[in-house]
Number of protein chains: 2
Amino acid sequence: MTLPVIGLPEISKVATPELVSTAVRDALIAHAEGRTAVPSPMVLDFPEHSGDCHIKAGYVEGSPYFTVKIASTFASVNNGLMLVVDATTGSPAAVLADEGKLTAWRTAAAGALITDALTPADVDEVAVLGTGEQALLQVLWLQQLRPLRRVKVWGRRPEAVDKLCAAFAQEGLDARPDALDGAACVIATTSARSPLPAEAFRDAVHITGIGTDMPGKGELPPELFAGALIATDDHEQCLDHGDFGNAVRAGVVPDDADIAIGAVLRDGLDRTHRSIADLTGIGAADAAVAAAVVTSVR
Amino acid sequence: MTLPVIGLPEISKVATPELVSTAVRDALIAHAEGRTAVPSPMVLDFPEHSGDCHIKAGYVEGSPYFTVKIASTFASVNNGLMLVVDATTGSPAAVLADEGKLTAWRTAAAGALITDALTPADVDEVAVLGTGEQALLQVLWLQQLRPLRRVKVWGRRPEAVDKLCAAFAQEGLDARPDALDGAACVIATTSARSPLPAEAFRDAVHITGIGTDMPGKGELPPELFAGALIATDDHEQCLDHGDFGNAVRAGVVPDDADIAIGAVLRDGLDRTHRSIADLTGIGAADAAVAAAVVTSVR
């Protein structure tokens, strides 16, 4: 059996923002319409090595492939790969040794798509909360969808804020350290366990949150959800461990207050209503991106 | 990233019955002692291609590797592989493109070990129920542990019975088509949905069942379990979808009537007591065998 192992250089060549965004958009819509299969993930913990491994599978109906993704973090170092399997024969088709990049890109694509879809068309300034890889990617991928005039960066560590502003400057964006208030669009990308006060988000017409990916985390104050249009990438996941779930458990909104991000992307919505998008990451998006990459490489 | 893909010829060279049996025995004992991690498996269904894919992960504490196993069956054709991951760094170490053979061998090893451990020492005749790959392997692996004088084969299709008898003859075993009664040791390897009558097993001092691997299957009549010593490879799995679970749901035995196969292998037990071993397959055995193979290849 020959199983091609496709490395990051080859993946990077074909996984353009356009290819990734198209695949993620299709996957989110398919997911909203019940045309995906996403089993509950598996987790293995290795406390003696400060490590864990998350295993996710996903399939978009009609796709030539399904995927199994291994994503590990040991002593803060990410690793992993995606196994792509032929969905008509069950035969392994390829290993994408993507070093976790496809996950980062599909997260950036999903966030950028819904941020653009729910932020008023004339808004050209965004505030980003956090200074990690996704703080950079969410804004850069949004920039592909709409021109951005200015970026405000808020983070707890000033040196990390300065570094991120420099990275934005390199991409031709006017970025500066600043508070979140005053911004009509806020993108939250932190792994915070307790959110900033609601006051910090007071001028936001749209907020996208992508950092709350497990129970115990929360970066958006629950009271923000009251009266907001709420869009989730996966109802059950966001209820279980997203900021939406935190708001439900706080008694701010009922547990059926959300609509599917895929439905928003498909149908469009009034962008002037105050809105929050909660993303926890769906295996169907991994599957769609991996399938698109393997199809393009071949 | 270079990820070695190790094919079946190379795997077959190192995966001797001795290596596989040692790894499986250690894994069963570790599992009985709570020193393994085995998340709930994931399943994807592809009804339009008569296909499904089972994804299992496993880890034995202290092992250098953990594994993620993909096992698919499409239109009755099995396929799959094992991904072996470094348990101290989370870095993928190797792909074992074993074509499902390691699963077949670890199933044979686990069955043979417990059949030998619970069958009276002087028994040298076994009856096998079923005519598939495991009917052959269970007996051949048992033959590695104790000399067998004769094999009785019972199956629904006479031509399959004859073919299996011929395969045994090729391995130097005296095998013939026959009913199960009269045999002190019975190995059941079918995917039956309704069992044979209890009368068929009337002379069995020990029975090993390895075919009941999902809800709705059952190859051992529940009443057999009354008064028998019951050993399971995984209490929860066997309760959920093994023959043990069928007996519990039939009200024949309480749900805590079983002991762990690993404990029997570790401590030994009185072989003259009537006993039943129910095996549903554990991810920790996959992990142990894969780790042993990768360690030997390197």
# chains A, B, ... in the order shown; residues from 1 in each chain; ligands from 1
>>> residues_around(residues="segment 30-41 of chain B", least_positions_apart="2", cutoff="6 Å", atoms="only C-alpha atoms", output="PyMOL selection string")
(chain A and resi 42) or (chain B and resi 27-28+55-56+58-61+260+262+283)
>>> closest_atom_pairs(of="chain A", to="chain B", cutoff="6 Å", atoms="only C-alpha atoms", output="tab-separated table")
residue	atom	partner	partner_atom	distance
A:Pro39	CA	B:Met42	CA	5.8
A:Met42	CA	B:Pro39	CA	5.8
A:His49	CA	B:Thr88	CA	5.9
A:Ser72	CA	B:Gly90	CA	5.4
A:Phe74	CA	B:Thr89	CA	5.6
A:Asn79	CA	B:Ser91	CA	6.0
A:Thr88	CA	B:His49	CA	5.9
A:Thr89	CA	B:Phe74	CA	5.6
A:Gly90	CA	B:Ser72	CA	5.4
A:Ser91	CA	B:Asn79	CA	6.0
>>> write_last_selection(atoms="N, CA and C atoms", output="compact mmCIF listing (two decimals), in the first residue's frame")
# COMPACT_ATOMS: atom_id res chain seq x y z
N PRO A 39 -18.80 12.79 14.46
CA PRO A 39 -18.90 12.06 15.74
C PRO A 39 -18.29 12.87 16.89
N MET A 42 -12.62 12.32 20.42
CA MET A 42 -11.95 11.55 21.46
C MET A 42 -10.81 12.39 22.02
N HIS A 49 3.36 14.60 30.81
CA HIS A 49 4.11 15.35 29.80
C HIS A 49 3.39 16.65 29.41
N SER A 72 -2.41 17.35 18.69
CA SER A 72 -1.85 17.21 20.04
C SER A 72 -1.18 18.50 20.47
N PHE A 74 1.68 19.22 23.43
CA PHE A 74 2.55 18.72 24.51
C PHE A 74 3.48 19.85 24.90
N ASN A 79 1.08 19.80 17.49
CA ASN A 79 1.48 18.89 16.43
C ASN A 79 0.23 18.19 15.92
N THR A 88 -15.81 6.49 -0.64
CA THR A 88 -16.57 5.50 -1.41
C THR A 88 -16.00 4.09 -1.24
N THR A 89 -14.74 4.00 -0.76
CA THR A 89 -14.11 2.67 -0.60
C THR A 89 -13.57 2.41 0.80
N GLY A 90 -13.43 3.46 1.63
CA GLY A 90 -12.84 3.30 2.95
C GLY A 90 -11.34 3.17 2.93
N SER A 91 -10.73 3.36 1.77
CA SER A 91 -9.29 3.21 1.63
C SER A 91 -8.57 4.52 1.98
>>> select_by_dssp(residues="segment 151-275 of chain A", states="helix (DSSP H, G or I)", output="ChimeraX atom specification")
/A:158-170,198-201,222-225,235-241,243-249,261-267
>>> write_last_selection(atoms="N, CA and C atoms", output="tab-separated table (two decimals), in the first residue's frame")
chain	number	residue	atom	x	y	z
A	158	PRO	N	1.79	43.88	27.18
A	158	PRO	CA	2.11	44.96	26.23
A	158	PRO	C	3.11	44.54	25.15
A	159	GLU	N	4.10	43.73	25.49
A	159	GLU	CA	5.10	43.35	24.48
A	159	GLU	C	4.48	42.47	23.39
A	160	ALA	N	3.50	41.63	23.79
A	160	ALA	CA	2.83	40.80	22.79
A	160	ALA	C	1.94	41.66	21.90
A	161	VAL	N	1.31	42.68	22.49
A	161	VAL	CA	0.48	43.61	21.71
A	161	VAL	C	1.34	44.33	20.68
A	162	ASP	N	2.50	44.82	21.11
A	162	ASP	CA	3.40	45.54	20.20
A	162	ASP	C	3.86	44.63	19.06
A	163	LYS	N	4.16	43.38	19.41
A	163	LYS	CA	4.63	42.44	18.40
A	163	LYS	C	3.54	42.18	17.35
A	164	LEU	N	2.29	42.02	17.83
A	164	LEU	CA	1.19	41.78	16.89
A	164	LEU	C	0.95	43.01	16.01
A	165	CYS	N	1.04	44.21	16.62
A	165	CYS	CA	0.87	45.43	15.81
A	165	CYS	C	1.94	45.50	14.71
A	166	ALA	N	3.15	45.10	15.05
A	166	ALA	CA	4.23	45.10	14.06
A	166	ALA	C	3.93	44.10	12.94
A	167	ALA	N	3.36	42.95	13.33
A	167	ALA	CA	3.02	41.93	12.32
A	167	ALA	C	1.93	42.47	11.38
A	168	PHE	N	0.95	43.17	11.93
A	168	PHE	CA	-0.09	43.78	11.09
A	168	PHE	C	0.53	44.83	10.16
A	169	ALA	N	1.45	45.62	10.71
A	169	ALA	CA	2.10	46.67	9.91
A	169	ALA	C	2.81	46.06	8.71
A	170	GLN	N	3.44	44.91	8.94
A	170	GLN	CA	4.12	44.21	7.84
A	170	GLN	C	3.17	43.81	6.74
A	198	ALA	N	-18.41	43.70	30.54
A	198	ALA	CA	-19.24	43.98	29.37
A	198	ALA	C	-19.00	45.39	28.84
A	199	GLU	N	-18.66	46.29	29.74
A	199	GLU	CA	-18.37	47.69	29.38
A	199	GLU	C	-17.33	47.79	28.25
A	200	ALA	N	-16.38	46.84	28.24
A	200	ALA	CA	-15.31	46.89	27.24
A	200	ALA	C	-15.86	46.70	25.82
A	201	PHE	N	-17.03	46.05	25.70
A	201	PHE	CA	-17.61	45.75	24.38
A	201	PHE	C	-18.76	46.70	24.04
A	222	PRO	N	-21.48	36.99	29.75
A	222	PRO	CA	-22.80	36.47	29.42
A	222	PRO	C	-23.84	37.55	29.13
A	223	GLU	N	-23.82	38.66	29.85
A	223	GLU	CA	-24.87	39.68	29.68
A	223	GLU	C	-24.87	40.29	28.28
A	224	LEU	N	-23.75	40.18	27.56
A	224	LEU	CA	-23.70	40.69	26.18
A	224	LEU	C	-24.72	39.98	25.28
A	225	PHE	N	-25.01	38.72	25.61
A	225	PHE	CA	-25.87	37.91	24.73
A	225	PHE	C	-27.33	38.35	24.76
A	235	HIS	N	-24.55	23.97	17.26
A	235	HIS	CA	-25.43	24.26	18.41
A	235	HIS	C	-25.00	23.49	19.65
A	236	GLU	N	-24.82	22.18	19.53
A	236	GLU	CA	-24.51	21.35	20.71
A	236	GLU	C	-23.15	21.72	21.31
A	237	GLN	N	-22.13	21.87	20.45
A	237	GLN	CA	-20.80	22.19	20.96
A	237	GLN	C	-20.78	23.54	21.66
A	238	CYS	N	-21.44	24.54	21.05
A	238	CYS	CA	-21.42	25.88	21.63
A	238	CYS	C	-22.21	25.90	22.93
A	239	LEU	N	-23.25	25.09	22.99
A	239	LEU	CA	-24.03	24.97	24.22
A	239	LEU	C	-23.18	24.28	25.29
A	240	ASP	N	-22.40	23.29	24.88
A	240	ASP	CA	-21.61	22.52	25.84
A	240	ASP	C	-20.41	23.31	26.36
A	241	HIS	N	-19.68	23.96	25.47
A	241	HIS	CA	-18.44	24.59	25.93
A	241	HIS	C	-18.09	25.91	25.26
A	243	ASP	N	-19.01	30.21	24.45
A	243	ASP	CA	-19.50	31.37	25.21
A	243	ASP	C	-21.03	31.39	25.23
A	244	PHE	N	-21.66	30.87	24.16
A	244	PHE	CA	-23.13	30.77	24.15
A	244	PHE	C	-23.61	29.93	25.33
A	245	GLY	N	-22.97	28.79	25.55
A	245	GLY	CA	-23.33	27.92	26.67
A	245	GLY	C	-23.17	28.61	28.02
A	246	ASN	N	-22.09	29.40	28.15
A	246	ASN	CA	-21.91	30.16	29.39
A	246	ASN	C	-23.07	31.12	29.63
A	247	ALA	N	-23.53	31.76	28.53
A	247	ALA	CA	-24.65	32.71	28.65
A	247	ALA	C	-25.95	31.99	29.01
A	248	VAL	N	-26.13	30.79	28.45
A	248	VAL	CA	-27.33	30.00	28.77
A	248	VAL	C	-27.31	29.59	30.24
A	249	ARG	N	-26.14	29.10	30.68
A	249	ARG	CA	-26.03	28.67	32.08
A	249	ARG	C	-26.16	29.84	33.05
A	261	ILE	N	-24.60	29.42	11.97
A	261	ILE	CA	-23.73	30.29	11.15
A	261	ILE	C	-23.90	29.95	9.67
A	262	GLY	N	-24.03	28.66	9.36
A	262	GLY	CA	-24.19	28.25	7.97
A	262	GLY	C	-25.45	28.85	7.35
A	263	ALA	N	-26.52	28.96	8.14
A	263	ALA	CA	-27.76	29.55	7.62
A	263	ALA	C	-27.57	31.04	7.36
A	264	VAL	N	-26.81	31.71	8.23
A	264	VAL	CA	-26.53	33.14	8.02
A	264	VAL	C	-25.72	33.33	6.74
A	265	LEU	N	-24.71	32.47	6.55
A	265	LEU	CA	-23.87	32.59	5.35
A	265	LEU	C	-24.69	32.32	4.08
A	266	ARG	N	-25.62	31.39	4.18
A	266	ARG	CA	-26.43	31.03	3.01
A	266	ARG	C	-27.46	32.11	2.69
A	267	ASP	N	-28.15	32.61	3.73
A	267	ASP	CA	-29.30	33.48	3.50
A	267	ASP	C	-29.01	34.96	3.67
>>> atom_distance(atom1="atom CA of Asp174 of chain B", atom2="atom CA of Val24 of chain B")
27.9 Å
>>> select_by_dssp(residues="segment 64-293 of chain A", states="strand (DSSP E)", output="NGL selection string")
:A and (65-74 or 77-86 or 92-97 or 125-129 or 150-154 or 175-177 or 185-188 or 206-209 or 229-232 or 258-260 or 275-278)
>>> residues_around(residues="segment 124-136 of chain B", least_positions_apart="2", cutoff="8 Å", atoms="only C-alpha atoms", output="ChimeraX atom specification")
/B:104,107-108,122,138-140,146-156,160-161,164,167-168,180,183-190
>>> residues_around(residues="Val205 of chain A", least_positions_apart="6", cutoff="8 Å", atoms="only C-alpha atoms", output="list in words")
Thr119, Pro120, Ala184, Cys185, Thr272, His273, Arg274 and Ser275 of chain A
>>> closest_residue(among="A:Ala109, A:Ala284, A:Leu102, A:Val289", to="Ser21 of chain A", atoms="only C-alpha atoms")
A:Ala109
>>> atom_distance(atom1="atom CA of Asp26 of chain A", atom2="atom CA of Ala285 of chain A")
8.4 Å
>>> atom_distance(atom1="atom CA of Pro177 of chain A", atom2="atom CA of Leu137 of chain A")
17.1 Å
>>> residues_around(residues="Gly218 of chain B", least_positions_apart="4", cutoff="8 Å", atoms="only C-alpha atoms", output="PyMOL selection string")
chain B and resi 191-195+211-212+242-243+246
>>> write_last_selection(atoms="N, CA and C atoms", output="PDB file, in the first residue's frame")
ATOM      1  N   SER B 191     -20.753 -13.752  13.620  1.00  0.00           N
ATOM      2  CA  SER B 191     -21.469 -12.491  13.806  1.00  0.00           C
ATOM      3  C   SER B 191     -22.968 -12.755  13.897  1.00  0.00           C
ATOM      4  N   ALA B 192     -23.321 -13.892  14.514  1.00  0.00           N
ATOM      5  CA  ALA B 192     -24.729 -14.307  14.581  1.00  0.00           C
ATOM      6  C   ALA B 192     -25.591 -13.284  15.295  1.00  0.00           C
ATOM      7  N   ARG B 193     -26.823 -13.168  14.831  1.00  0.00           N
ATOM      8  CA  ARG B 193     -27.784 -12.293  15.494  1.00  0.00           C
ATOM      9  C   ARG B 193     -28.702 -13.083  16.414  1.00  0.00           C
ATOM     10  N   SER B 194     -28.760 -14.403  16.220  1.00  0.00           N
ATOM     11  CA  SER B 194     -29.466 -15.227  17.209  1.00  0.00           C
ATOM     12  C   SER B 194     -28.632 -16.477  17.449  1.00  0.00           C
ATOM     13  N   PRO B 195     -28.452 -16.822  18.734  1.00  0.00           N
ATOM     14  CA  PRO B 195     -27.536 -17.908  19.079  1.00  0.00           C
ATOM     15  C   PRO B 195     -28.108 -19.285  18.790  1.00  0.00           C
ATOM     16  N   GLY B 211     -17.201 -12.991  18.661  1.00  0.00           N
ATOM     17  CA  GLY B 211     -17.906 -12.474  17.488  1.00  0.00           C
ATOM     18  C   GLY B 211     -18.921 -11.386  17.768  1.00  0.00           C
ATOM     19  N   THR B 212     -19.331 -11.233  19.029  1.00  0.00           N
ATOM     20  CA  THR B 212     -20.404 -10.287  19.333  1.00  0.00           C
ATOM     21  C   THR B 212     -19.804  -8.923  19.633  1.00  0.00           C
ATOM     22  N   GLY B 242     -21.702  -6.977  24.256  1.00  0.00           N
ATOM     23  CA  GLY B 242     -21.186  -8.342  24.197  1.00  0.00           C
ATOM     24  C   GLY B 242     -22.259  -9.359  24.549  1.00  0.00           C
ATOM     25  N   ASP B 243     -21.881 -10.640  24.480  1.00  0.00           N
ATOM     26  CA  ASP B 243     -22.811 -11.696  24.896  1.00  0.00           C
ATOM     27  C   ASP B 243     -23.115 -11.603  26.391  1.00  0.00           C
ATOM     28  N   ASN B 246     -26.005  -9.324  26.766  1.00  0.00           N
ATOM     29  CA  ASN B 246     -27.254 -10.013  26.392  1.00  0.00           C
ATOM     30  C   ASN B 246     -27.765 -10.866  27.558  1.00  0.00           C
TER      31      ASN B 246
END
>>> decode(residues="segment 34-54 of chain B", atoms="C-alpha atoms", output="compact mmCIF listing (two decimals), in the first residue's frame")
# COMPACT_ATOMS: atom_id res chain seq x y z
CA GLY B 34 -6.87 0.67 35.24
CA ARG B 35 -3.55 1.56 33.62
CA THR B 36 -4.92 2.20 30.13
CA ALA B 37 -6.76 5.02 28.38
CA VAL B 38 -9.40 4.03 25.86
CA PRO B 39 -11.81 6.79 24.76
CA SER B 40 -15.23 5.86 23.37
CA PRO B 41 -14.78 4.98 19.67
CA MET B 42 -16.10 7.13 16.83
CA VAL B 43 -18.18 5.71 13.99
CA LEU B 44 -18.98 7.14 10.57
CA ASP B 45 -21.61 5.47 8.39
CA PHE B 46 -21.76 5.52 4.59
CA PRO B 47 -24.96 3.65 3.80
CA GLU B 48 -24.85 4.62 0.12
CA HIS B 49 -21.63 2.60 -0.23
CA SER B 50 -22.52 -0.13 2.33
CA GLY B 51 -19.66 1.22 4.35
CA ASP B 52 -18.70 2.22 7.85
CA CYS B 53 -15.54 3.39 9.57
CA HIS B 54 -14.66 2.78 13.21
